[in-house]
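S.K.: Below are the structure tokens for one structure; questions will follow.
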There are 2 protein chains.
Amino acid sequence: MSTARAFRGSNVLLRAARTRPVVALPRESRRSFTASAPSLSKFYDNWEPEGPTVKTEIPGPKSQELINKLNEVFDTRSLNMLTDYSKSSGNYIADADGNVLLDVYAQIASIPLGYNNPTLLKAARSDEMINGIINRPALGNFPPTDWADVLKSGILKVAPKGLNQVFTAMAGSDANETAFKAAFMWRRQRDRGGYNVEFTEEELQSAMENKAPGASNLSILSFRTAFHGRLFGTLSTTRSKPIHKIDIPAFDWPQATFPKLKYPLDQFAAENAAAEKAALEEVEHLIQHYHVPPAAVIVEPIQSEGGDNHASPAFFRGLREITRKHGVLLIVDEVQTGVGATGRFWAHEHWDLPHPPDMVTFSKKAQTAGYYFGNPELRPNKPYRQFNTWMGDPARALLFRAIIDEIERLDLVRHTAKVGDYLFQKLEDLAVRFPGQFENLRGKGMGTFIAFDHPNRDEFLIKAKKFGINIGGSGQSAVRLRPMLVFEEKHADILVEALEKVAKTF
Amino acid sequence: MSTARAFRGSNVLLRAARTRPVVALPRESRRSFTASAPSLSKFYDNWEPEGPTVKTEIPGPKSQELINKLNEVFDTRSLNMLTDYSKSSGNYIADADGNVLLDVYAQIASIPLGYNNPTLLKAARSDEMINGIINRPALGNFPPTDWADVLKSGILKVAPKGLNQVFTAMAGSDANETAFKAAFMWRRQRDRGGYNVEFTEEELQSAMENKAPGASNLSILSFRTAFHGRLFGTLSTTRSKPIHKIDIPAFDWPQATFPKLKYPLDQFAAENAAAEKAALEEVEHLIQHYHVPPAAVIVEPIQSEGGDNHASPAFFRGLREITRKHGVLLIVDEVQTGVGATGRFWAHEHWDLPHPPDMVTFSKKAQTAGYYFGNPELRPNKPYRQFNTWMGDPARALLFRAIIDEIERLDLVRHTAKVGDYLFQKLEDLAVRFPGQFENLRGKGMGTFIAFDHPNRDEFLIKAKKFGINIGGSGQSAVRLRPMLVFEEKHADILVEALEKVAKTF
């Protein structure tokens, strides 16, 4: 029997309960009932199934056959689920065996609006998009006549406050690396005495030999358990897992401790504040004394690959203060946290910074990538210093524009904030009912960007599939929820019910 | 008056001449007349203008207005020509002011089949492509069910001989960097004692600190005047110009001299052979003695950004021999040379290697990127070592498949070889007629991948626009021709006539 029917049955009950608040519930539990997020079904008619369907083991026989074939030419050892995208829809991901799972992993947090979103389908069929696909420009040399419009009505329409410029890139890694390069150029310009000071002959020649002073002896400071990408510069700032780094040459760059918060937060307020203070002191010490001086600090609003590690807005305000004090740039890596999932368009909006970050990088749900900046001196002092052939992809920039329009039309950031509150509360209940299985539940008030630790995390994830849920992990023991922005309360109900079933098996 | 009319007029004459060989021509000049490449017009009806049209200065008033607007949010200092892609077609690039130029730069050598190619237009409108656009997978975790088919009928269909696997990437830079990573992992595995030897605790821990032994103390050897990209690892191997490298931290990696050939080749055979021998000896010396041992050597078949520097097949066979002898991998960077422009699908096919390269990287005309390999031990010994969220873009892989099909259908590699011979011969004539202006003409027998040096190169390029040609430079003084694969003899005639006009102004 398919599990879909069971889910569907219980769904009906839950929906009924939601529309008729139960008087006996305490005020706290009732909050999300009264402030419930509206359903999106009026916008997307019949676009997804009512619940998951699990027909076979995953991978099932058909998938296994195709995986064997794929493995001849492509590494399949990290394969999670061979996916039939033509059959996936909305929040549901489908495979070759007819299994359809509720997807709260969403291509490692990179699908913003559901599979086969009808509005994006329309955008993909537009003449503009087709032009972007077949006439791919070298954006630095031959930008399209409408490139300013595409940027202003898309990528830059959602630029973080205080940042009105963009350098476009291909993915999170090169977005971060080009931001690093901008930071190094900016810092050397400053040290050299200004934007218009010429390079010396010695600098020009030594650069060609990969030696100082032309190749600068500067660093990027990152945090323990951070993840910023896997190319050589970004991998030197990534400190998530040895398997990401081993055997690869790395720069001698510093890392500071990321505060390890204890949960529930209100029970450990003093201890957590002390941990954050110590971390900030370490950052300041490294900025002042590390033998390869940092030109910039890079930080994720929530360390995602590293295990969903949070810090308070006060910590980030402190970080902004310290970096400004010492003339070090602050790069906020919003590759995973950006584009709405935390209940704000950019997660760093939660911090209420008095001064914006110097650069904010983005990718994933944006479906394109790059870094935002505001300071005009972050444009290098000469052309061709920050340059490559494609410098991004206009087709993907057009898709981001369509995504932004849809997020605005359906008010999906606020929607996600509400659904996140609803989901978090239900998970709090589960945590009480299954002690030790939903440990360090975190992400309260951060939309659906929620995680918890489980002592048997990998087994937990595998079992979740059997109960109809595709879900991801991060760090050593975290189960991370990364639903799309079209995740609704009805999906939260299905998810929580399945998680409960998983928990019961332990 | 538009220059288009003038070109059209002379074209007619040239075409007439071509069909009626002039008896007085010496045998050598006649070769291309008898073996002329067929016209593609029967395949593409009325898809491009008959010649260039130059209406205004470039940029003209409309373009300048749009450039000013763009400059508010996007660096325009490297802008060459603001392009109206909807009006560009075939070999012709259009701008906002109605100027239409014959494009032999082709988005820095990255447009394979002309603007608005009708066959690619069809591919872009397919359901498959639209699915690829709106449902972007994390390929390592959730590959599409048909991913093996897409690879085998596309990217892998044109895999270089001996290489039957691919790791997909986003652009040339990360294609090269992931190839570097594969090389480092392979080398450390070998040094560690085999594919299945586990990492030590010390390696795992030191890797997290960016320190040896976990972070390997190995290098990639590249050549002087090479270009392999601008991210941190690739930039450490790029040795083209200081402006590409200055202020950016770099790895202490070795560079060998690239043989500087003298032209015409037949007049300097002994001297050139000696230069190549010396370069190979330097490579071998660096492999054996450089204090950061190379895990791999990376080389371009023709150093493109660095000034179109060629070496003989014998040089490359020597390089393969030396690298094999010392257990060092050979990575051939075909980002600019690949996909047909040299008259072979891959430029390294010209070398007749007894053993294939270990890895071949590609991008640009492929419209997608990655590296090919054959040795199964170049798959790292554990999953998630070579991994990132997107690992390429299936939409772009589908486009490459359509490009490959079209190249085969129209026999465009052979076509380009023939057109290249025709063009080279005409340029040889120009070189004789305008001494000092078409110096070191190179690329004979290498399709349309042709270059020459000009003493006033930058001025030459600007003037070419006035005569209806969009053309690029490379290195210090090279004019590089990078026509598309749909470049025909009639376009060569237009090009050469314009170059002659430019030459007359000096």
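Within each chain, counting starts at residue 1; across the structure tokens, chains are named A, B, ... in the order shown, with ligands numbered 1 upward in that order.
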Excluding stretch 117-134 of chain B and any residue of its chain fewer than 6 positions from it, enumerate the residues within 7 Å of it, using only C-alpha atoms, and give them as an mmCIF file with all heavy atoms, in the first residue's frame.
M.R.:
data_model
loop_
_atom_site.group_PDB
_atom_site.id
_atom_site.type_symbol
_atom_site.label_atom_id
_atom_site.label_comp_id
_atom_site.auth_asym_id
_atom_site.auth_seq_id
_atom_site.Cartn_x
_atom_site.Cartn_y
_atom_site.Cartn_z
ATOM 1 N N SER A 86 10.732 15.580 -14.626
ATOM 2 C CA SER A 86 9.495 15.862 -15.355
ATOM 3 C C SER A 86 8.279 15.452 -14.520
ATOM 4 O O SER A 86 7.191 15.984 -14.698
ATOM 5 C CB SER A 86 9.493 15.138 -16.705
ATOM 6 O OG SER A 86 9.410 13.746 -16.505
ATOM 7 N N ASN A 116 8.878 22.434 -11.401
ATOM 8 C CA ASN A 116 7.934 22.751 -12.471
ATOM 9 C C ASN A 116 6.947 23.847 -12.075
ATOM 10 O O ASN A 116 5.743 23.746 -12.333
ATOM 11 C CB ASN A 116 7.208 21.474 -12.928
ATOM 12 C CG ASN A 116 8.161 20.566 -13.695
ATOM 13 O OD1 ASN A 116 8.690 20.959 -14.725
ATOM 14 N ND2 ASN A 116 8.402 19.370 -13.185
ATOM 15 N N LEU A 120 7.603 29.982 -13.507
ATOM 16 C CA LEU A 120 8.955 29.866 -14.064
ATOM 17 C C LEU A 120 8.922 29.181 -15.427
ATOM 18 O O LEU A 120 9.729 29.487 -16.312
ATOM 19 C CB LEU A 120 9.874 29.097 -13.106
ATOM 20 C CG LEU A 120 10.103 29.759 -11.742
ATOM 21 C CD1 LEU A 120 11.214 29.029 -10.987
ATOM 22 C CD2 LEU A 120 10.443 31.234 -11.879
ATOM 23 N N LEU A 121 7.979 28.268 -15.583
ATOM 24 C CA LEU A 121 7.809 27.611 -16.883
ATOM 25 C C LEU A 121 7.559 28.654 -17.968
ATOM 26 O O LEU A 121 8.153 28.612 -19.055
ATOM 27 C CB LEU A 121 6.621 26.644 -16.785
ATOM 28 C CG LEU A 121 6.351 25.733 -17.971
ATOM 29 C CD1 LEU A 121 7.493 24.771 -18.195
ATOM 30 C CD2 LEU A 121 5.050 24.937 -17.742
ATOM 31 N N ALA A 124 10.695 30.527 -18.694
ATOM 32 C CA ALA A 124 11.660 29.724 -19.452
ATOM 33 C C ALA A 124 11.294 29.648 -20.927
ATOM 34 O O ALA A 124 12.156 29.417 -21.771
ATOM 35 C CB ALA A 124 11.755 28.321 -18.858
ATOM 36 N N ARG A 125 10.011 29.834 -21.204
ATOM 37 C CA ARG A 125 9.561 29.773 -22.601
ATOM 38 C C ARG A 125 9.636 31.131 -23.296
ATOM 39 O O ARG A 125 9.326 31.245 -24.475
ATOM 40 C CB ARG A 125 8.111 29.263 -22.650
ATOM 41 C CG ARG A 125 8.015 27.771 -22.416
ATOM 42 C CD ARG A 125 6.574 27.310 -22.587
ATOM 43 N NE ARG A 125 6.484 25.870 -22.436
ATOM 44 C CZ ARG A 125 5.490 25.242 -21.824
ATOM 45 N NH1 ARG A 125 4.493 25.949 -21.310
ATOM 46 N NH2 ARG A 125 5.488 23.929 -21.728
ATOM 47 N N ILE A 130 15.155 32.372 -24.164
ATOM 48 C CA ILE A 130 15.722 31.580 -25.264
ATOM 49 C C ILE A 130 16.922 32.298 -25.869
ATOM 50 O O ILE A 130 17.957 31.693 -26.156
ATOM 51 C CB ILE A 130 14.607 31.257 -26.294
ATOM 52 C CG1 ILE A 130 13.730 30.143 -25.696
ATOM 53 C CG2 ILE A 130 15.203 30.831 -27.629
ATOM 54 C CD1 ILE A 130 12.374 30.012 -26.316
ATOM 55 N N ILE A 133 19.793 31.752 -23.647
ATOM 56 C CA ILE A 133 20.350 30.395 -23.740
ATOM 57 C C ILE A 133 21.248 30.268 -24.969
ATOM 58 O O ILE A 133 22.369 29.762 -24.875
ATOM 59 C CB ILE A 133 19.191 29.356 -23.856
ATOM 60 C CG1 ILE A 133 18.441 29.247 -22.533
ATOM 61 C CG2 ILE A 133 19.727 27.983 -24.271
ATOM 62 C CD1 ILE A 133 19.205 28.601 -21.426
ATOM 63 N N ILE A 134 20.790 30.714 -26.107
ATOM 64 C CA ILE A 134 21.538 30.406 -27.337
ATOM 65 C C ILE A 134 22.586 31.448 -27.696
ATOM 66 O O ILE A 134 23.468 31.180 -28.491
ATOM 67 C CB ILE A 134 20.607 30.138 -28.545
ATOM 68 C CG1 ILE A 134 19.822 31.394 -28.934
ATOM 69 C CG2 ILE A 134 19.659 28.991 -28.248
ATOM 70 C CD1 ILE A 134 19.000 31.210 -30.204
ATOM 71 N N GLY B 90 23.993 34.687 -37.109
ATOM 72 C CA GLY B 90 25.097 34.016 -37.779
ATOM 73 C C GLY B 90 26.424 34.579 -37.325
ATOM 74 O O GLY B 90 26.693 34.699 -36.127
ATOM 75 N N PRO B 394 22.689 21.121 -16.344
ATOM 76 C CA PRO B 394 22.128 20.245 -17.383
ATOM 77 C C PRO B 394 21.582 21.016 -18.573
ATOM 78 O O PRO B 394 21.653 20.521 -19.706
ATOM 79 C CB PRO B 394 21.009 19.501 -16.660
ATOM 80 C CG PRO B 394 21.372 19.545 -15.236
ATOM 81 C CD PRO B 394 22.081 20.858 -15.039
ATOM 82 N N ALA B 395 21.062 22.223 -18.335
ATOM 83 C CA ALA B 395 20.548 22.991 -19.471
ATOM 84 C C ALA B 395 21.689 23.260 -20.451
ATOM 85 O O ALA B 395 21.528 23.122 -21.672
ATOM 86 C CB ALA B 395 19.937 24.307 -18.976
ATOM 87 N N LEU B 398 22.678 20.134 -22.303
ATOM 88 C CA LEU B 398 21.759 19.861 -23.419
ATOM 89 C C LEU B 398 22.110 20.728 -24.620
ATOM 90 O O LEU B 398 22.041 20.282 -25.768
ATOM 91 C CB LEU B 398 20.309 20.123 -22.990
ATOM 92 C CG LEU B 398 19.728 19.119 -22.001
ATOM 93 C CD1 LEU B 398 18.403 19.637 -21.447
ATOM 94 C CD2 LEU B 398 19.541 17.749 -22.650
ATOM 95 N N LEU B 399 22.498 21.958 -24.342
ATOM 96 C CA LEU B 399 22.884 22.843 -25.449
ATOM 97 C C LEU B 399 24.128 22.299 -26.143
ATOM 98 O O LEU B 399 24.204 22.300 -27.379
ATOM 99 C CB LEU B 399 23.134 24.257 -24.923
ATOM 100 C CG LEU B 399 23.246 25.329 -26.006
ATOM 101 C CD1 LEU B 399 21.887 25.567 -26.672
ATOM 102 C CD2 LEU B 399 23.791 26.642 -25.450
ATOM 103 N N ALA B 402 23.210 19.613 -28.484
ATOM 104 C CA ALA B 402 22.652 20.158 -29.740
ATOM 105 C C ALA B 402 23.762 20.727 -30.621
ATOM 106 O O ALA B 402 23.722 20.599 -31.850
ATOM 107 C CB ALA B 402 21.616 21.232 -29.414
#
S.K.: Counting only C-alpha atoms, which residue out of B:Asp411, B:Ser36, B:Ala148, B:Pro435 sits closest to A:Asn68?
M.R.: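 Comparing B:Asp411, B:Ser36, B:Ala148, B:Pro435 against A:Asn68, the winner is B:Ala148.
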S.K.: Among stretch 77-111 of chain B, which residues carry a DSSP assignment of strand (DSSP E), reported as a list in words?
M.R.: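 Across stretch 77-111 of chain B, those assigned strand (DSSP E) are Tyr92, Ile93, Ala94, Val100, Leu101, Leu102 and Asp103 of chain B.
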S.K.: For the residues in the current selection, export N, CA, C and O atoms as a JSON list (two decimals), in the first residue's frame.
M.R.:
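Listed below is the output, again20.json:
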[["chain", "number", "residue", "atom", "x", "y", "z"],
["B", 92, "TYR", "N", 27.39, 37.57, -37.54],
["B", 92, "TYR", "CA", 27.29, 39.03, -37.40],
["B", 92, "TYR", "C", 26.74, 39.45, -36.05],
["B", 92, "TYR", "O", 25.72, 38.95, -35.60],
["B", 93, "ILE", "N", 27.45, 40.39, -35.44],
["B", 93, "ILE", "CA", 27.07, 40.91, -34.13],
["B", 93, "ILE", "C", 26.55, 42.34, -34.32],
["B", 93, "ILE", "O", 27.14, 43.13, -35.07],
["B", 94, "ALA", "N", 25.43, 42.65, -33.63],
["B", 94, "ALA", "CA", 24.77, 43.95, -33.82],
["B", 94, "ALA", "C", 24.78, 44.75, -32.53],
["B", 94, "ALA", "O", 24.83, 44.18, -31.44],
["B", 100, "VAL", "N", 26.38, 46.57, -37.52],
["B", 100, "VAL", "CA", 26.40, 45.10, -37.62],
["B", 100, "VAL", "C", 27.79, 44.71, -38.11],
["B", 100, "VAL", "O", 28.18, 45.04, -39.23],
["B", 101, "LEU", "N", 28.54, 44.02, -37.26],
["B", 101, "LEU", "CA", 29.91, 43.69, -37.61],
["B", 101, "LEU", "C", 30.09, 42.19, -37.84],
["B", 101, "LEU", "O", 29.43, 41.37, -37.18],
["B", 102, "LEU", "N", 30.98, 41.87, -38.75],
["B", 102, "LEU", "CA", 31.40, 40.47, -38.87],
["B", 102, "LEU", "C", 32.20, 40.15, -37.61],
["B", 102, "LEU", "O", 33.17, 40.85, -37.28],
["B", 103, "ASP", "N", 31.81, 39.10, -36.91],
["B", 103, "ASP", "CA", 32.38, 38.85, -35.59],
["B", 103, "ASP", "C", 33.38, 37.69, -35.64],
["B", 103, "ASP", "O", 32.99, 36.53, -35.70]]
S.K.: Just want the 7 Å neighbourhood of stretch 217-231 of chain A, counted on only C-alpha atoms, with same-chain residues fewer than 2 positions away dropped. Output as a CSV table (one decimal) with C-alpha atoms, in the first residue's frame.
M.R.:
chain,number,residue,atom,x,y,z
A,172,GLY,CA,28.6,30.1,-4.8
A,173,SER,CA,32.3,29.2,-4.9
A,176,ASN,CA,33.0,34.0,-2.8
A,212,ALA,CA,55.3,39.2,-2.8
A,215,ALA,CA,51.2,38.5,-5.0
A,233,GLY,CA,40.6,30.1,-2.3
A,234,THR,CA,37.3,29.2,-0.8
A,235,LEU,CA,38.4,25.8,0.3
A,237,THR,CA,38.3,29.3,4.3
A,238,THR,CA,36.0,26.2,4.4
A,239,ARG,CA,36.5,24.3,7.7
A,240,SER,CA,33.5,21.9,7.7
A,253,TRP,CA,44.8,31.7,6.5
A,254,PRO,CA,43.4,32.1,10.0
A,255,GLN,CA,40.2,30.6,11.5
A,256,ALA,CA,38.4,31.9,14.6
A,257,THR,CA,36.1,29.8,16.7
A,258,PHE,CA,32.4,30.1,15.9
A,292,VAL,CA,49.2,36.7,7.3
A,293,PRO,CA,47.0,39.7,7.9
A,294,PRO,CA,43.3,39.3,7.0
A,295,ALA,CA,41.9,41.6,4.3
A,296,ALA,CA,38.4,40.4,5.1
A,297,VAL,CA,36.3,38.2,7.4
A,298,ILE,CA,33.8,35.9,5.8
A,299,VAL,CA,30.9,34.6,7.7
A,303,GLN,CA,26.7,28.0,9.3
A,305,GLU,CA,27.0,22.8,5.8
A,306,GLY,CA,28.8,22.9,9.1
B,177,GLU,CA,40.6,23.7,-10.6
B,249,PRO,CA,47.7,35.7,-3.0
S.K.: Skip A:Lys365 itself and residues of its chain fewer than 5 positions away, then list as a list in words all residues within 9 Å of it, counting only C-alpha atoms.
M.R.: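 Near A:Lys365, the qualifying residues are Ala109, Ser110, Ile111, Pro112, Leu113, Val335, Gln336, Gly338, Val339, Gly340, Phe400, Ile403 and Met484 of chain A.
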